[in-house]
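What follows is a single structure, written as C-alpha cells, with notes after it.
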Amino acid sequence: LLLSCGGDGMIRVWHIAGTGRLMCTLPGAQGKLEQVGSICCNQSHEFFVTGDSSGHLRVWDLREGVDMSSPEACRASFKQHGHWRAAEQAILALDIVSPHGLIIAGCRDHNVTLWTLDGAIVGILGDDMWDIHDLRTWRDPHGETKEEPMEEQDSLYLQAQRAEGEAGMTETGEWSNGHVTSVFESGGDGILSAEDLDTDSMKLASALLAEKRQRQKELSLTKPRGLHSHLRLHDLKSVPTSTNAKELLSKGFGS
C-alpha cells in the first residue's frame, strides 16, 4: 500500500503489488488552491497524518486495516480521527514519535510544534518546557484551545470533477460515490488543463492565487511566535540598540 499527496490537494491510495493500481482518493487540503505538502505514518501503520499549505493537520485511523477488495471498501477503511488548524502558514514537515503517539510538525512560520493525535498541543520547541509524562507541564493537554478547521471548501479540482458527475462530497465530508477513481483507471492522468475549466473558473483561480500569494507575503514579514530565534534561548543578554559592537567588545558584553 502506498499513499501519495500533491498539489491538487488530494491523497491517493495505491495498491503497488503487480501493476500499481490506484484504489481511491481522499480529501487532503483545506480550501481552494491549497496543497498537501507533507505526510507521515507511525511505525505500526495504525495512523497517518497529513499537513497542508493552509496549516491544517489531518489524522487518519487505520487500526481496523484496509479493505482492498474495491475502491469503495478501500475508501471506507480510512477513518478521519482528527482535523484541526495547527498553524497560520503551511505545514512543511511531519513525523510521529511512535512510542508516545505524538506528532512533530514543522511550519513555515519557523515554529516546530508537538501535538497528540487528538489535537492537544504539548508545546512549541524553543518556547515551552515540558515533561512528556506530566500533563500539567503541557501547553494544552486536553485540546481546549485547539483551533477548528477553516470552513470546508472544495478545491477547483473537485469542483470540476463534480460538474462532470464523477465525484461528490457530502456535508459531513464523506464521499458520495466512488467514481473519482475512474478518471485514472480509464487512462487519464487526472490533471486538469486550461480547457477543462471555463473562463469564470480560471478568473476565480487567478484571484484566489493572487490573494494567497499576498497573504503569504504578509505572513513572511511577521516574526516567529516562539523564542527559538531570540538570544534568550542561548542565555545571552539582549543587545541594547544604542550600543555599537566596539563598546560591547570593550565591556566584555555577554561573557
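Residues in the C-alpha cells are numbered from 1 in each chain, the chains being A, B, ... in the order shown, and ligands are numbered from 1 in the order shown.
Residues in contact with Ser54 of chain A at 9 Å, where only C-alpha atoms are counted and same-chain residues fewer than 3 positions away are skipped, are listed as Ala29, Gln30, Gly31, Glu34, Gln35, Gly51, Arg85, Ala87, Glu88, Gln89, Ala90, Ile91 and Met150 of chain A.
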Original post:
Quick one: residues within 9 Å of segment 144-147 of chain A, only C-alpha atoms counted, chain neighbours fewer than 3 positions away excluded, as a PyMOL selection string?
Top reply: chain A and resi 84-86+119-121+140-141+150
Which residues come within 12 Å of Pro99 of chain A, counting only C-alpha atoms, excluding same-chain residues fewer than 4 positions away, as a compact mmCIF listing (two decimals) with N, CA, C and O atoms, in the first residue's frame?
# COMPACT_ATOMS: atom_id res chain seq x y z
N ASN A 42 2.90 6.25 11.43
CA ASN A 42 3.63 5.71 12.58
C ASN A 42 4.18 4.32 12.24
O ASN A 42 3.84 3.72 11.22
N GLN A 43 5.03 3.80 13.10
CA GLN A 43 5.75 2.56 12.80
C GLN A 43 4.82 1.36 12.67
O GLN A 43 5.09 0.44 11.89
N SER A 44 3.73 1.36 13.41
CA SER A 44 2.79 0.23 13.35
C SER A 44 1.77 0.38 12.23
O SER A 44 0.91 -0.49 12.06
N ILE A 103 2.82 13.94 17.40
CA ILE A 103 3.12 14.48 16.07
C ILE A 103 4.08 15.65 16.20
O ILE A 103 3.84 16.58 16.99
N THR A 116 -0.60 15.80 20.17
CA THR A 116 -1.10 14.44 20.28
C THR A 116 -1.94 14.14 19.05
O THR A 116 -2.28 15.04 18.27
N ILE A 132 7.24 15.10 29.30
CA ILE A 132 6.28 14.41 28.44
C ILE A 132 5.33 13.53 29.23
O ILE A 132 4.21 13.23 28.78
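Coordinates place atom CA of Gly9 of chain A at a distance of 14.3 Å from atom CA of Leu209 of chain A.
Using only C-alpha atoms for every distance, the candidate list A:Leu62, A:Met68, A:Ala73, A:Cys41 yields A:Met68 as the residue closest to Ile16 of chain A.
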Original post:
Which residues, written as number ranges by chain, have at least one atom at most 6 Å from Val49 of chain A, with only C-alpha atoms counted and residues fewer than 6 positions away on the same chain left out?
Top reply: A: 39-40, 58-59
Original post:
If we count only C-alpha atoms, what is near Cys5 of chain A at a cut-off of 9 Å, once residues fewer than 5 positions away on the same chain are taken out, given as a PyMOL selection string?
Top reply: chain A and resi 10-12+28+35-39+50
Subject >> Nearest to Cys74 of chain A by atom-to-atom distance, counting only C-alpha atoms, from A:Cys107, A:Leu3, A:Val97, A:Cys24 >> reply: A:Cys24
